[in-house]
Amino acid sequence: MDPTPAPEAAPGASSSSSSAANAAAAEDLAGGVAAMTLEERFATLRGIGEECIQEDELMRLLQNKPVPVCYDGFEPSGRMHIAQGIVKTINVNKMVRAGCKVKIWIADWFAQLNNKMGGDLKKIQTVGRYMIEIWKAAGMNLDGVEFLWSSEEINKCAHEYWPLVMDIARKNNVKRITRCCQIMGRSDQEELTAAQIFYPCMQCADIFFLKADICQLGMDQRKVNMLAREYCDDIKRKNKPIILSHHMLPGFKEGQEKMSKSDPSSAIFMEDDEAQVNVKIKQAFCPPKIVEGNPCLEYIKYIVFPWFGKFEVIRKESNGGNKTFLTMDELISDYESGALHPADVKPALAKAINEILQPVRDHFNNNSEAKVLLNTVKKYRVTN
């Protein structure tokens, strides 16, 4: 028997107290924005994206709307790797700091369509609750965040949602929709189920259903976000969703472009203990003097520097002595010259990652409800 309760009602769903709380949070966000200049807000948001479509639209949005709505979403599908856990926390906190309202779409129905957890919705929802628990423990600023369960919100406003999905489907052919299948972790060469053909139309509809001004997802979601902008042309809508696509961290093995949940050695996962982190980083691909395609350096750039604002290397005097790097450019210069060696980088990286993950470990060790969730999800992994 599944020991976890059904998902709680989405914040701000129907009660007057939730509405009041959301209004208060919006006021707090607007107040925080006053402390930043327009240029600082723009730079904070632009810094999230490897790509921004379009920069002038983002600036105009910030000029005209005090609290823009940012949309992010995820399929609850098992283990959470560090990019989903920590990089998302970093990005969400930047969006909140820049005065945005962040709607995180818990795509439980989408995970079911994509046959995650064997299509068992209750298991998918349990995984979703587990993931939210991780973000809380990792330090995500929840003051400006609203978690919304797709199954609840779509059922609540079916009269609004499904006509939108149908219109998007009518205005696109099957070839255009299958080009978006990368969003599900699928190839357009795979034999897709009818449900997986339907999925991109729904994800495109989510953007408009949630009244999102900014789509903040990974580069792997770019095609469906562009579909949403194309749909705006179809319906003669002037204000298109702005796309802020963040960088995708590679796996630890040579040439591994993306982390893989099916390959535990390819990434750090949020429940990895200290020893597991040390071993994975020790075995990671990290060629001397080569920056391009070096996953260890990418972890430093996209996780350690944004988290700590520095990278500390501890080593013997005979090897150059201790050094604190304050910029990635400084680190790259030393690495390319050979002054910084993989044997220096790896222990320092493992130490930093373990420090970031420790509050998450403590939470799941000390909080009884969180511990039950973790143990339940681990059982799912064994049986699925």
# chains A, B, ... in the order shown; residues from 1 in each chain; ligands from 1

$ select_by_dssp --residues "stretch 198-237 of chain A" --states "strand (DSSP E)" --output "list in words"
Ile214, Cys215, Gln216, Leu217 and Gly218 of chain A

$ write_last_selection --atoms "C-alpha atoms" --output "PDB file, in the first residue's frame"
ATOM      1  CA  ILE A 214       8.343  33.812 -19.743  1.00  0.00           C
ATOM      2  CA  CYS A 215       9.031  30.111 -20.410  1.00  0.00           C
ATOM      3  CA  GLN A 216      12.047  29.099 -18.339  1.00  0.00           C
ATOM      4  CA  LEU A 217      12.915  25.547 -19.365  1.00  0.00           C
ATOM      5  CA  GLY A 218      15.971  23.708 -20.641  1.00  0.00           C
TER       6      GLY A 218
END

$ residues_around --residues "A:Asn225" --least-positions-apart "3" --cutoff "8 Å" --atoms "only C-alpha atoms" --output "VMD selection string"
chain A and resid 204 215 221 to 222 228 to 229 243

$ write_last_selection --atoms "all heavy atoms" --output "PDB file, in the first residue's frame"
ATOM      1  N   CYS A 204       2.260  22.944 -25.170  1.00  0.00           N
ATOM      2  CA  CYS A 204       2.138  24.251 -25.799  1.00  0.00           C
ATOM      3  C   CYS A 204       0.966  25.019 -25.180  1.00  0.00           C
ATOM      4  O   CYS A 204       1.078  26.209 -24.858  1.00  0.00           O
ATOM      5  CB  CYS A 204       1.942  24.085 -27.299  1.00  0.00           C
ATOM      6  SG  CYS A 204       1.810  25.632 -28.214  1.00  0.00           S
ATOM      7  N   CYS A 215       8.858  31.569 -20.533  1.00  0.00           N
ATOM      8  CA  CYS A 215       9.031  30.111 -20.410  1.00  0.00           C
ATOM      9  C   CYS A 215      10.475  29.860 -20.008  1.00  0.00           C
ATOM     10  O   CYS A 215      11.392  30.135 -20.788  1.00  0.00           O
ATOM     11  CB  CYS A 215       8.755  29.408 -21.741  1.00  0.00           C
ATOM     12  SG  CYS A 215       7.123  29.693 -22.390  1.00  0.00           S
ATOM     13  N   GLN A 221      13.742  21.753 -24.349  1.00  0.00           N
ATOM     14  CA  GLN A 221      12.324  22.081 -24.489  1.00  0.00           C
ATOM     15  C   GLN A 221      12.096  23.209 -25.501  1.00  0.00           C
ATOM     16  O   GLN A 221      10.977  23.709 -25.651  1.00  0.00           O
ATOM     17  CB  GLN A 221      11.752  22.507 -23.133  1.00  0.00           C
ATOM     18  CG  GLN A 221      11.944  21.497 -22.032  1.00  0.00           C
ATOM     19  CD  GLN A 221      11.191  20.207 -22.277  1.00  0.00           C
ATOM     20  OE1 GLN A 221       9.979  20.212 -22.438  1.00  0.00           O
ATOM     21  NE2 GLN A 221      11.906  19.093 -22.306  1.00  0.00           N
ATOM     22  N   ARG A 222      13.137  23.600 -26.190  1.00  0.00           N
ATOM     23  CA  ARG A 222      13.083  24.766 -27.070  1.00  0.00           C
ATOM     24  C   ARG A 222      12.033  24.624 -28.169  1.00  0.00           C
ATOM     25  O   ARG A 222      11.319  25.581 -28.510  1.00  0.00           O
ATOM     26  CB  ARG A 222      14.464  24.989 -27.691  1.00  0.00           C
ATOM     27  CG  ARG A 222      14.579  26.217 -28.561  1.00  0.00           C
ATOM     28  CD  ARG A 222      15.956  26.275 -29.210  1.00  0.00           C
ATOM     29  NE  ARG A 222      16.202  27.536 -29.879  1.00  0.00           N
ATOM     30  CZ  ARG A 222      15.767  27.826 -31.093  1.00  0.00           C
ATOM     31  NH1 ARG A 222      15.070  26.935 -31.777  1.00  0.00           N
ATOM     32  NH2 ARG A 222      16.045  29.004 -31.635  1.00  0.00           N
ATOM     33  N   ALA A 228       4.842  27.475 -29.439  1.00  0.00           N
ATOM     34  CA  ALA A 228       3.937  28.431 -28.795  1.00  0.00           C
ATOM     35  C   ALA A 228       4.050  29.815 -29.440  1.00  0.00           C
ATOM     36  O   ALA A 228       3.037  30.506 -29.633  1.00  0.00           O
ATOM     37  CB  ALA A 228       4.242  28.517 -27.303  1.00  0.00           C
ATOM     38  N   ARG A 229       5.269  30.227 -29.775  1.00  0.00           N
ATOM     39  CA  ARG A 229       5.441  31.529 -30.438  1.00  0.00           C
ATOM     40  C   ARG A 229       4.843  31.508 -31.848  1.00  0.00           C
ATOM     41  O   ARG A 229       4.241  32.492 -32.293  1.00  0.00           O
ATOM     42  CB  ARG A 229       6.930  31.910 -30.481  1.00  0.00           C
ATOM     43  CG  ARG A 229       7.476  32.309 -29.114  1.00  0.00           C
ATOM     44  CD  ARG A 229       8.954  32.688 -29.170  1.00  0.00           C
ATOM     45  NE  ARG A 229       9.222  33.850 -29.999  1.00  0.00           N
ATOM     46  CZ  ARG A 229       9.222  35.107 -29.564  1.00  0.00           C
ATOM     47  NH1 ARG A 229       8.947  35.382 -28.301  1.00  0.00           N
ATOM     48  NH2 ARG A 229       9.499  36.101 -30.397  1.00  0.00           N
ATOM     49  N   ILE A 243      11.217  33.189 -24.344  1.00  0.00           N
ATOM     50  CA  ILE A 243      11.849  31.904 -24.042  1.00  0.00           C
ATOM     51  C   ILE A 243      13.218  32.146 -23.424  1.00  0.00           C
ATOM     52  O   ILE A 243      14.090  32.763 -24.045  1.00  0.00           O
ATOM     53  CB  ILE A 243      11.994  31.043 -25.316  1.00  0.00           C
ATOM     54  CG1 ILE A 243      10.626  30.840 -25.986  1.00  0.00           C
ATOM     55  CG2 ILE A 243      12.623  29.697 -24.976  1.00  0.00           C
ATOM     56  CD1 ILE A 243      10.717  30.189 -27.357  1.00  0.00           C
TER      57      ILE A 243
END

$ closest_atom_pairs --of "stretch 73-130 of chain A" --to "stretch 37-53 of chain A" --cutoff "9 Å" --atoms "only C-alpha atoms" --output "CSV"
residue,atom,partner,partner_atom,distance
A:Ile90,CA,A:Ile48,CA,8.8
A:Asn91,CA,A:Ile48,CA,6.1
A:Lys94,CA,A:Thr44,CA,6.3
A:Met95,CA,A:Leu45,CA,6.2
A:Arg97,CA,A:Arg41,CA,8.1
A:Ala98,CA,A:Arg41,CA,4.9
A:Gly99,CA,A:Arg41,CA,7.7

$ select_by_dssp --residues "stretch 159-318 of chain A" --states "helix (DSSP H, G or I)" --output "PyMOL selection string"
chain A and resi 159-170+174-178+181-184+194-209+219-234+264-266+274-283+295-308+317-318

$ write_last_selection --atoms "C-alpha atoms" --output "JSON list (two decimals), in the first residue's frame"
[["chain", "number", "residue", "atom", "x", "y", "z"],
["A", 159, "HIS", "CA", -13.70, 24.30, -20.52],
["A", 160, "GLU", "CA", -10.74, 26.64, -20.97],
["A", 161, "TYR", "CA", -7.93, 24.13, -21.42],
["A", 162, "TRP", "CA", -9.19, 21.56, -23.92],
["A", 163, "PRO", "CA", -10.46, 23.99, -26.60],
["A", 164, "LEU", "CA", -6.98, 25.56, -26.50],
["A", 165, "VAL", "CA", -5.30, 22.16, -26.97],
["A", 166, "MET", "CA", -7.68, 21.34, -29.82],
["A", 167, "ASP", "CA", -6.99, 24.65, -31.56],
["A", 168, "ILE", "CA", -3.22, 24.15, -31.35],
["A", 169, "ALA", "CA", -3.67, 20.61, -32.74],
["A", 170, "ARG", "CA", -5.84, 21.89, -35.60],
["A", 174, "VAL", "CA", 1.70, 15.68, -37.35],
["A", 175, "LYS", "CA", 5.21, 16.27, -38.74],
["A", 176, "ARG", "CA", 5.50, 19.60, -36.88],
["A", 177, "ILE", "CA", 4.28, 18.03, -33.64],
["A", 178, "THR", "CA", 6.62, 15.01, -33.83],
["A", 181, "CYS", "CA", 9.11, 14.90, -29.22],
["A", 182, "GLN", "CA", 12.57, 15.72, -27.81],
["A", 183, "ILE", "CA", 10.69, 17.41, -24.95],
["A", 184, "MET", "CA", 9.67, 13.94, -23.75],
["A", 194, "ALA", "CA", -0.98, 8.44, -29.78],
["A", 195, "ALA", "CA", -0.65, 9.85, -26.25],
["A", 196, "GLN", "CA", 2.89, 11.02, -27.02],
["A", 197, "ILE", "CA", 1.67, 12.79, -30.15],
["A", 198, "PHE", "CA", -0.89, 14.59, -28.01],
["A", 199, "TYR", "CA", 1.68, 15.63, -25.42],
["A", 200, "PRO", "CA", 3.33, 18.57, -27.31],
["A", 201, "CYS", "CA", -0.08, 20.12, -28.06],
["A", 202, "MET", "CA", -0.85, 20.04, -24.34],
["A", 203, "GLN", "CA", 2.53, 21.44, -23.30],
["A", 204, "CYS", "CA", 2.14, 24.25, -25.80],
["A", 205, "ALA", "CA", -1.33, 24.96, -24.36],
["A", 206, "ASP", "CA", 0.10, 25.05, -20.82],
["A", 207, "ILE", "CA", 2.00, 28.24, -21.61],
["A", 208, "PHE", "CA", -1.20, 30.12, -22.46],
["A", 209, "PHE", "CA", -3.32, 28.37, -19.84],
["A", 219, "MET", "CA", 17.34, 23.87, -24.18],
["A", 220, "ASP", "CA", 15.78, 20.43, -24.75],
["A", 221, "GLN", "CA", 12.32, 22.08, -24.49],
["A", 222, "ARG", "CA", 13.08, 24.77, -27.07],
["A", 223, "LYS", "CA", 11.05, 23.27, -29.92],
["A", 224, "VAL", "CA", 7.72, 23.28, -28.10],
["A", 225, "ASN", "CA", 8.35, 26.79, -26.78],
["A", 226, "MET", "CA", 8.93, 27.92, -30.36],
["A", 227, "LEU", "CA", 5.69, 26.15, -31.30],
["A", 228, "ALA", "CA", 3.94, 28.43, -28.79],
["A", 229, "ARG", "CA", 5.44, 31.53, -30.44],
["A", 230, "GLU", "CA", 4.39, 30.24, -33.88],
["A", 231, "TYR", "CA", 0.87, 29.68, -32.53],
["A", 232, "CYS", "CA", 0.80, 33.37, -31.55],
["A", 233, "ASP", "CA", 1.37, 34.21, -35.22],
["A", 234, "ASP", "CA", -1.50, 31.87, -36.17],
["A", 264, "PRO", "CA", 23.58, 6.35, -12.23],
["A", 265, "SER", "CA", 27.27, 7.04, -12.88],
["A", 266, "SER", "CA", 26.46, 9.80, -15.38],
["A", 274, "GLU", "CA", 29.12, 11.82, 0.34],
["A", 275, "ALA", "CA", 30.98, 8.68, -0.71],
["A", 276, "GLN", "CA", 28.90, 8.30, -3.90],
["A", 277, "VAL", "CA", 29.57, 11.92, -4.87],
["A", 278, "ASN", "CA", 33.31, 11.46, -4.28],
["A", 279, "VAL", "CA", 33.49, 8.29, -6.39],
["A", 280, "LYS", "CA", 31.45, 9.70, -9.30],
["A", 281, "ILE", "CA", 33.53, 12.86, -9.53],
["A", 282, "LYS", "CA", 36.80, 10.92, -9.15],
["A", 283, "GLN", "CA", 35.81, 8.73, -12.13],
["A", 295, "PRO", "CA", 31.85, 18.01, -17.42],
["A", 296, "CYS", "CA", 33.72, 18.81, -14.19],
["A", 297, "LEU", "CA", 34.31, 22.38, -15.34],
["A", 298, "GLU", "CA", 30.65, 22.67, -16.36],
["A", 299, "TYR", "CA", 29.56, 21.66, -12.84],
["A", 300, "ILE", "CA", 31.82, 24.38, -11.47],
["A", 301, "LYS", "CA", 30.47, 27.00, -13.89],
["A", 302, "TYR", "CA", 26.76, 26.25, -13.56],
["A", 303, "ILE", "CA", 26.52, 25.00, -9.95],
["A", 304, "VAL", "CA", 29.48, 25.95, -7.75],
["A", 305, "PHE", "CA", 30.04, 29.55, -8.88],
["A", 306, "PRO", "CA", 26.35, 30.53, -8.83],
["A", 307, "TRP", "CA", 25.97, 28.91, -5.38],
["A", 308, "PHE", "CA", 29.12, 30.10, -3.59],
["A", 317, "GLU", "CA", 52.47, 24.13, -1.45],
["A", 318, "SER", "CA", 54.55, 21.96, -3.76]]

$ atom_distance --atom1 "atom CA of A:Leu58" --atom2 "atom CA of A:Lys103"
17.7 Å
